[in-house]
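**Student:** So that you have it, the file is protein31.pdb, and it contains PDB, C-alpha atoms:
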MODEL        1
ATOM      1  CA  MET F   1       0.612  79.980  93.086
ATOM      2  CA  PHE F   2      -1.302  81.484  90.161
ATOM      3  CA  TYR F   3      -3.234  83.908  92.387
ATOM      4  CA  GLU F   4       0.012  85.681  93.229
ATOM      5  CA  THR F   5       0.713  86.632  89.602
ATOM      6  CA  THR F   6       0.299  90.228  88.386
ATOM      7  CA  GLU F   7      -2.154  89.155  85.700
ATOM      8  CA  PHE F   8      -4.456  87.468  88.182
ATOM      9  CA  LYS F   9      -4.391  90.430  90.590
ATOM     10  CA  GLU F  10      -5.363  92.812  87.810
ATOM     11  CA  TRP F  11      -8.692  91.033  87.372
ATOM     12  CA  ARG F  12      -9.515  90.952  91.075
ATOM     13  CA  SER F  13     -12.280  93.556  91.129
ATOM     14  CA  VAL F  14     -14.063  92.012  88.156
ATOM     15  CA  PHE F  15     -13.793  88.222  88.382
ATOM     16  CA  TRP F  16     -12.734  87.397  91.918
ATOM     17  CA  ASN F  17     -12.845  88.736  95.453
ATOM     18  CA  ALA F  18     -11.734  87.781  98.943
ATOM     19  CA  THR F  19     -14.021  86.894 101.845
ATOM     20  CA  ARG F  20     -12.880  86.580 105.454
ATOM     21  CA  TYR F  21     -14.255  84.290 108.143
ATOM     22  CA  GLU F  22     -13.538  84.002 111.836
ATOM     23  CA  ALA F  23     -12.790  80.746 113.664
ATOM     24  CA  GLY F  24     -15.960  78.698 114.132
ATOM     25  CA  GLN F  25     -17.836  80.166 111.177
ATOM     26  CA  VAL F  26     -19.275  77.926 108.467
ATOM     27  CA  CYS F  27     -17.571  78.942 105.207
ATOM     28  CA  TYR F  28     -19.325  76.597 102.817
ATOM     29  CA  LYS F  29     -22.248  74.171 102.608
ATOM     30  CA  SER F  30     -22.390  71.839  99.642
ATOM     31  CA  ASN F  31     -26.199  71.870  99.530
ATOM     32  CA  GLU F  32     -26.180  75.660  99.122
ATOM     33  CA  ALA F  33     -23.369  75.771  96.585
ATOM     34  CA  SER F  34     -23.171  77.835  93.416
ATOM     35  CA  ASP F  35     -21.832  75.990  90.365
ATOM     36  CA  ASN F  36     -20.299  79.139  88.874
ATOM     37  CA  LYS F  37     -17.921  79.984  91.749
ATOM     38  CA  VAL F  38     -14.607  78.294  92.595
ATOM     39  CA  LEU F  39     -13.544  78.755  96.223
ATOM     40  CA  LEU F  40      -9.816  78.766  96.888
ATOM     41  CA  ILE F  41      -8.241  79.030 100.347
ATOM     42  CA  ARG F  42      -5.762  81.872 100.560
ATOM     43  CA  GLN F  43      -5.127  81.749 104.296
ATOM     44  CA  GLY F  44      -6.102  79.707 107.359
ATOM     45  CA  THR F  45      -7.069  76.178 108.380
ATOM     46  CA  LEU F  46     -10.505  74.665 107.806
ATOM     47  CA  LEU F  47     -12.273  71.404 108.613
ATOM     48  CA  VAL F  48     -14.563  69.456 106.280
ATOM     49  CA  GLN F  49     -17.486  68.015 108.238
ATOM     50  CA  VAL F  50     -20.236  65.535 107.438
ATOM     51  CA  THR F  51     -23.209  64.508 109.553
ATOM     52  CA  ASN F  52     -23.222  60.933 110.903
ATOM     53  CA  ARG F  53     -26.238  58.748 111.655
ATOM     54  CA  GLN F  54     -26.533  60.245 115.125
ATOM     55  CA  GLY F  55     -26.776  63.739 113.670
ATOM     56  CA  GLU F  56     -23.304  64.695 114.917
ATOM     57  CA  LYS F  57     -20.798  66.667 112.868
ATOM     58  CA  VAL F  58     -17.750  64.527 112.062
ATOM     59  CA  ASN F  59     -14.434  65.922 110.777
ATOM     60  CA  THR F  60     -13.268  64.155 107.625
ATOM     61  CA  GLU F  61     -10.565  66.383 106.121
ATOM     62  CA  ILE F  62      -8.274  69.330 106.820
ATOM     63  CA  LEU F  63      -7.960  72.124 104.259
ATOM     64  CA  VAL F  64      -5.225  74.768 104.175
ATOM     65  CA  GLU F  65      -3.867  77.487 101.873
ATOM     66  CA  GLY F  66      -3.889  76.462  98.213
ATOM     67  CA  ASP F  67      -6.699  73.896  98.594
ATOM     68  CA  LEU F  68     -10.027  74.150  96.808
ATOM     69  CA  LEU F  69     -13.065  74.279  99.082
ATOM     70  CA  ASN F  70     -15.529  73.025  96.478
ATOM     71  CA  ILE F  71     -13.540  70.784  94.164
ATOM     72  CA  GLU F  72     -16.756  69.273  92.749
ATOM     73  CA  THR F  73     -17.549  72.632  91.113
ATOM     74  CA  LEU F  74     -14.926  71.879  88.455
ATOM     75  CA  VAL F  75     -17.026  68.927  87.267
ATOM     76  CA  ASP F  76     -19.043  69.726  84.141
ATOM     77  CA  HIS F  77     -22.618  69.024  85.237
ATOM     78  CA  SER F  78     -23.837  68.984  81.657
ATOM     79  CA  HIS F  79     -22.448  65.461  81.492
ATOM     80  CA  THR F  80     -24.421  62.470  82.697
ATOM     81  CA  TRP F  81     -22.247  62.012  85.809
ATOM     82  CA  LYS F  82     -23.316  64.152  88.753
ATOM     83  CA  ILE F  83     -22.309  64.459  92.405
ATOM     84  CA  PRO F  84     -24.873  62.338  94.301
ATOM     85  CA  HIS F  85     -27.230  64.476  96.377
ATOM     86  CA  PHE F  86     -26.609  62.350  99.468
ATOM     87  CA  ILE F  87     -22.959  63.461  99.576
ATOM     88  CA  GLN F  88     -23.370  66.633 101.611
ATOM     89  CA  TYR F  89     -20.798  68.406 103.729
ATOM     90  CA  GLN F  90     -19.879  71.732 105.252
ATOM     91  CA  VAL F  91     -16.556  73.495 105.771
ATOM     92  CA  VAL F  92     -15.837  75.290 109.051
ATOM     93  CA  ALA F  93     -13.034  77.747 109.812
ATOM     94  CA  LEU F  94     -10.682  76.484 112.505
ATOM     95  CA  THR F  95      -8.642  79.708 112.433
ATOM     96  CA  PRO F  96      -9.265  83.120 110.845
ATOM     97  CA  VAL F  97      -9.623  82.404 107.135
ATOM     98  CA  LYS F  98      -9.438  84.237 103.817
ATOM     99  CA  ILE F  99     -11.122  82.626 100.806
ATOM    100  CA  TYR F 100     -10.918  83.686  97.168
ATOM    101  CA  GLU F 101     -14.205  83.420  95.299
ATOM    102  CA  ILE F 102     -13.347  83.104  91.607
ATOM    103  CA  GLU F 103     -15.636  83.088  88.591
ATOM    104  CA  LYS F 104     -15.458  79.547  87.236
ATOM    105  CA  GLU F 105     -15.466  80.601  83.578
ATOM    106  CA  PHE F 106     -12.659  83.098  84.244
ATOM    107  CA  LEU F 107     -10.531  80.397  85.852
ATOM    108  CA  LEU F 108     -11.211  77.831  83.128
ATOM    109  CA  SER F 109     -10.505  80.283  80.319
ATOM    110  CA  HIS F 110      -7.096  81.044  81.822
ATOM    111  CA  LEU F 111      -6.389  77.350  82.214
ATOM    112  CA  TYR F 112      -6.682  76.867  78.486
ATOM    113  CA  VAL F 113      -4.302  79.728  77.725
ATOM    114  CA  GLU F 114      -1.518  78.999  80.236
ATOM    115  CA  PRO F 115      -2.116  75.637  81.923
ATOM    116  CA  ARG F 116       1.378  75.478  83.447
ATOM    117  CA  LYS F 117       0.569  78.391  85.759
ATOM    118  CA  TYR F 118      -2.230  76.349  87.281
ATOM    119  CA  HIS F 119      -0.359  73.073  87.562
ATOM    120  CA  HIS F 120       0.178  73.450  91.310
ATOM    121  CA  LEU F 121      -3.555  73.930  91.918
ATOM    122  CA  PHE F 122      -4.496  70.704  90.180
ATOM    123  CA  GLU F 123      -1.549  68.839  91.624
ATOM    124  CA  ARG F 124      -2.861  69.625  95.126
ATOM    125  CA  SER F 125      -6.374  68.590  94.126
ATOM    126  CA  ILE F 126      -5.144  65.280  92.705
ATOM    127  CA  VAL F 127      -3.120  64.544  95.847
ATOM    128  CA  GLN F 128      -6.197  65.299  97.957
ATOM    129  CA  LEU F 129      -8.302  62.857  95.941
ATOM    130  CA  VAL F 130      -5.558  60.198  96.096
ATOM    131  CA  HIS F 131      -5.446  60.544  99.890
ATOM    132  CA  ILE F 132      -9.204  60.135 100.149
ATOM    133  CA  SER F 133      -9.151  57.141  97.797
ATOM    134  CA  PHE F 134      -6.390  55.475  99.803
ATOM    135  CA  SER F 135      -8.354  56.089 103.009
ATOM    136  CA  ASN F 136     -11.222  54.145 101.431
ATOM    137  CA  PHE F 137      -8.810  51.400 100.335
ATOM    138  CA  ILE F 138      -7.537  50.806 103.880
ATOM    139  CA  SER F 139     -10.952  51.209 105.521
ATOM    140  CA  ILE F 140     -11.094  47.443 106.148
ATOM    141  CA  LYS F 141      -7.515  47.261 107.435
ATOM    142  CA  SER F 142      -6.357  47.464 111.056
ATOM    143  CA  THR F 143      -7.102  50.521 113.170
ATOM    144  CA  GLN F 144      -3.376  50.924 113.743
ATOM    145  CA  LEU F 145      -2.789  51.399 110.008
ATOM    146  CA  LYS F 146      -5.782  53.719 109.615
ATOM    147  CA  VAL F 147      -4.612  55.891 112.511
ATOM    148  CA  ALA F 148      -1.060  55.982 111.107
ATOM    149  CA  TRP F 149      -2.418  57.103 107.737
ATOM    150  CA  ALA F 150      -4.552  59.773 109.436
ATOM    151  CA  LEU F 151      -1.420  61.080 111.179
ATOM    152  CA  PHE F 152       0.414  61.174 107.842
ATOM    153  CA  ARG F 153      -2.391  63.230 106.282
ATOM    154  CA  ILE F 154      -2.446  65.586 109.280
ATOM    155  CA  ILE F 155       1.319  66.122 109.113
ATOM    156  CA  GLY F 156       1.070  66.981 105.423
ATOM    157  CA  LYS F 157      -1.500  69.687 106.156
ATOM    158  CA  VAL F 158      -0.679  71.245 109.515
ATOM    159  CA  GLY F 159       2.506  69.583 110.777
ATOM    160  CA  GLU F 160       5.460  71.718 111.875
ATOM    161  CA  ALA F 161       8.974  70.254 111.867
ATOM    162  CA  SER F 162      11.049  70.586 115.029
ATOM    163  CA  ALA F 163      13.979  72.990 114.793
ATOM    164  CA  GLN F 164      16.147  70.511 116.706
ATOM    165  CA  ASP F 165      15.246  67.447 114.633
ATOM    166  CA  PRO F 166      13.406  67.716 111.275
ATOM    167  CA  GLU F 167      12.315  64.091 111.652
ATOM    168  CA  LEU F 168      10.135  65.143 114.590
ATOM    169  CA  VAL F 169       6.937  66.916 113.588
ATOM    170  CA  PHE F 170       4.614  68.835 115.887
ATOM    171  CA  ILE F 171       0.876  68.485 115.353
ATOM    172  CA  PRO F 172      -1.500  71.156 116.727
ATOM    173  CA  PRO F 173      -3.698  70.755 119.851
ATOM    174  CA  PHE F 174      -6.940  70.447 117.876
ATOM    175  CA  VAL F 175      -5.716  67.020 116.713
ATOM    176  CA  THR F 176      -7.213  65.063 119.612
ATOM    177  CA  GLN F 177      -7.947  61.350 119.909
ATOM    178  CA  THR F 178     -11.525  62.113 118.883
ATOM    179  CA  PHE F 179     -10.371  64.032 115.816
ATOM    180  CA  ILE F 180      -8.071  61.188 114.759
ATOM    181  CA  ALA F 181     -10.860  58.658 115.328
ATOM    182  CA  GLN F 182     -13.095  60.658 112.992
ATOM    183  CA  LEU F 183     -10.426  61.164 110.348
ATOM    184  CA  SER F 184      -9.468  57.476 110.386
ATOM    185  CA  ASN F 185     -13.096  56.324 110.627
ATOM    186  CA  SER F 186     -12.330  54.290 113.749
ATOM    187  CA  GLY F 187     -13.887  53.875 117.180
ATOM    188  CA  LYS F 188     -12.565  56.106 119.958
ATOM    189  CA  ALA F 189     -11.483  53.251 122.240
ATOM    190  CA  ARG F 190      -9.659  51.412 119.472
ATOM    191  CA  THR F 191      -8.044  54.670 118.304
ATOM    192  CA  ASN F 192      -6.646  55.228 121.802
ATOM    193  CA  GLU F 193      -5.205  51.703 121.743
ATOM    194  CA  ALA F 194      -3.660  52.362 118.325
ATOM    195  CA  ILE F 195      -2.049  55.565 119.609
ATOM    196  CA  LYS F 196      -0.437  53.580 122.428
ATOM    197  CA  GLU F 197       0.750  50.923 119.966
ATOM    198  CA  LEU F 198       2.232  53.534 117.637
ATOM    199  CA  SER F 199       3.971  55.123 120.624
ATOM    200  CA  GLU F 200       5.581  51.766 121.453
ATOM    201  CA  LEU F 201       6.792  51.539 117.841
ATOM    202  CA  GLY F 202       8.466  54.950 118.125
ATOM    203  CA  ILE F 203       6.109  56.527 115.591
ATOM    204  CA  ILE F 204       4.471  58.777 118.154
ATOM    205  CA  ALA F 205       7.401  60.278 120.033
ATOM    206  CA  HIS F 206       5.393  62.338 122.517
ATOM    207  CA  TRP F 207       1.659  62.524 123.182
ATOM    208  CA  LYS F 208       0.582  65.156 125.670
ATOM    209  CA  PRO F 209      -2.266  67.712 125.253
ATOM    210  CA  LYS F 210       0.133  70.629 124.714
ATOM    211  CA  CYS F 211       2.936  68.785 122.940
ATOM    212  CA  ARG F 212       2.391  66.046 120.385
ATOM    213  CA  LEU F 213       5.333  64.869 118.330
ATOM    214  CA  ILE F 214       5.365  62.376 115.465
ATOM    215  CA  HIS F 215       8.557  60.776 114.146
ATOM    216  CA  LEU F 216       8.081  61.208 110.400
ATOM    217  CA  GLY F 217      10.816  58.742 109.390
ATOM    218  CA  ASN F 218       9.378  55.953 111.537
ATOM    219  CA  LEU F 219       5.844  56.752 110.367
ATOM    220  CA  THR F 220       6.822  56.673 106.690
ATOM    221  CA  HIS F 221       8.751  53.424 107.136
ATOM    222  CA  TYR F 222       5.783  51.834 108.909
ATOM    223  CA  LEU F 223       3.317  52.836 106.186
ATOM    224  CA  LYS F 224       5.595  51.551 103.394
ATOM    225  CA  GLN F 225       6.099  48.277 105.236
ATOM    226  CA  GLU F 226       2.396  47.750 105.930
ATOM    227  CA  ILE F 227       1.256  48.680 102.435
ATOM    228  CA  SER F 228       3.862  46.645 100.573
ATOM    229  CA  GLY F 229       3.299  43.700 102.901
TER
ENDMDL
END
Give the structure from this file in structure tokens form.
**Tutor:**
Amino acid sequence: MFYETTEFKEWRSVFWNATRYEAGQVCYKSNEASDNKVLLIRQGTLLVQVTNRQGEKVNTEILVEGDLLNIETLVDHSHTWKIPHFIQYQVVALTPVKIYEIEKEFLLSHLYVEPRKYHHLFERSIVQLVHISFSNFISIKSTQLKVAWALFRIIGKVGEASAQDPELVFIPPFVTQTFIAQLSNSGKARTNEAIKELSELGIIAHWKPKCRLIHLGNLTHYLKQEISG
């Protein structure tokens, strides 16, 4: 990543600094954001939360090292298009976190000079937006498909392959039925049914509170089949 280069480290004291947060702390609120700072995750796992109609905080995305916290900051607000004010969210640390706060103009000026160094950053951002867009696309599809897609997104962020079989991927304990229901925008009861159905299909290999295993090959095959069908 570009923040590991010697050039970038040399400018640390002037144009960027690191801030640490403990688990449970709010790291960012979109309604209190500064347009001149880009926030990049250097370490840890975070959850993006929005408030639902009942006033409850709902998890909508997982962020990890290399992700941007405030991707909307890169939008040039001098243009006519603006982020709607009703799209508000906060980001909470799930584990101890380190975040780089980078001067936006410093980052953009370096992009112009050596864009290849920053390719990985924008590649991750594009993938993140594609995932969100696809989630919207399948929002009217079956709960089973939405839950499967949520599991795929979770694996990509915080999954850990089994040493015995790389096709089997562990997902952490914080990924509960409630969390999956929120991420897939599905009801809790229907999400539980979908988990059982995916278990019968061999996609969920094991589902216990302390050990949850997903069969990545079966999951990928299922998603390709459902989408192409």
**Student:** Would you mind listing what lies within 7 Å of region 167-175 of chain F as a PyMOL selection string, with all atoms listed in the file counted and same-chain residues fewer than 2 positions away left out?
**Tutor:** chain F and resi 155+158-162+165+177+179-180+209-210+212-217
**Student:** So that I can check the surroundings of region 127-129 of chain F, please list as a PyMOL selection string every protein, DNA and RNA residue that reaches within 10 Å of it, counting only C-alpha atoms and ignoring chain neighbours fewer than 6 positions away.
**Tutor:** chain F and resi 61-63+67-68+71+135+153
**Student:** Which residues would end up in the selection if the PyMOL selection byres ((chain F and resi 17-32) around 7) were applied here, given that I need the answer as an MDAnalysis selection string?
**Tutor:** chainID F and resid 12:13 16 33:34 88:102
**Student:** Just give me the gap between CA of Ser125 (chain F) and CA of Val48 (chain F) in Å, one decimal is fine.
**Tutor:**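 Computed distance, CA of Ser125 (chain F) to CA of Val48 (chain F), equals 14.7 Å.
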**Student:** Can you spell out as a list in words the set of residues that the PyMOL selection byres ((chain F and resi 38) around 7) selects in the structure I just provided?
**Tutor:**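 Here the PyMOL selection byres ((chain F and resi 38) around 7) matches Asn36, Lys37, Leu39, Leu40, Asn70, Thr73, Glu101, Ile102, Glu103 and Lys104 of chain F.
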**Student:** Using 3 Å of padding on each side, determine the axis-aligned box around all atoms of region 37-43 of chain F present in the file and give its centre and edge lengths in Å to one decimal, as lines of an AutoDock Vina configuration file.
**Tutor:**
center_x = -11.5
center_y = 80.1
center_z = 98.0
size_x = 18.8
size_y = 9.6
size_z = 18.5
**Student:** In Å to one decimal, how far is CA of Leu46 (chain F) from CA of Lys141 (chain F)?
**Tutor:**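 CA of Leu46 (chain F) lies 27.6 Å from CA of Lys141 (chain F).
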**Student:** Pick from F:Thr143, F:Gln182, F:Ser199, F:Ser109: nearest to Gln49 (chain F), with all atoms listed in the file counted?
**Tutor:** F:Gln182
**Student:** For a quick check of understanding, using all atoms listed in the file, which of F:Lys224, F:His119, F:His110, F:Arg53 has the smallest distance to Gly66 (chain F)?
**Tutor:** F:His119
**Student:** Which one is closest to Gln225 (chain F): F:Ile195, F:Leu121, F:Leu145, F:Leu108? Count only C-alpha atoms.
**Tutor:**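 Residue with the minimum atom-to-atom distance to Gln225 (chain F): F:Leu145.
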**Student:** Kindly give the distance, in Å, that separates CA of Arg42 (chain F) and CA of Pro166 (chain F), rounded to a single decimal.
**Tutor:**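 Pair CA of Arg42 (chain F) / CA of Pro166 (chain F) returns 26.1 Å.
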**Student:** Selected by the PyMOL selection byres ((chain F and resi 136) around 12) in the shown coordinates: which residues, as a ChimeraX atom specification?
**Tutor:** /F:60,129-135,137-141,146,149-150,183-185
**Student:** Taking only C-alpha atoms into account, name the residue in F:Gln43, F:Cys211, F:Glu105, F:Asp35 that is nearest to Glu72 (chain F).
**Tutor:**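 Once distances to Glu72 (chain F) are computed over only C-alpha atoms, the minimum belongs to F:Asp35.
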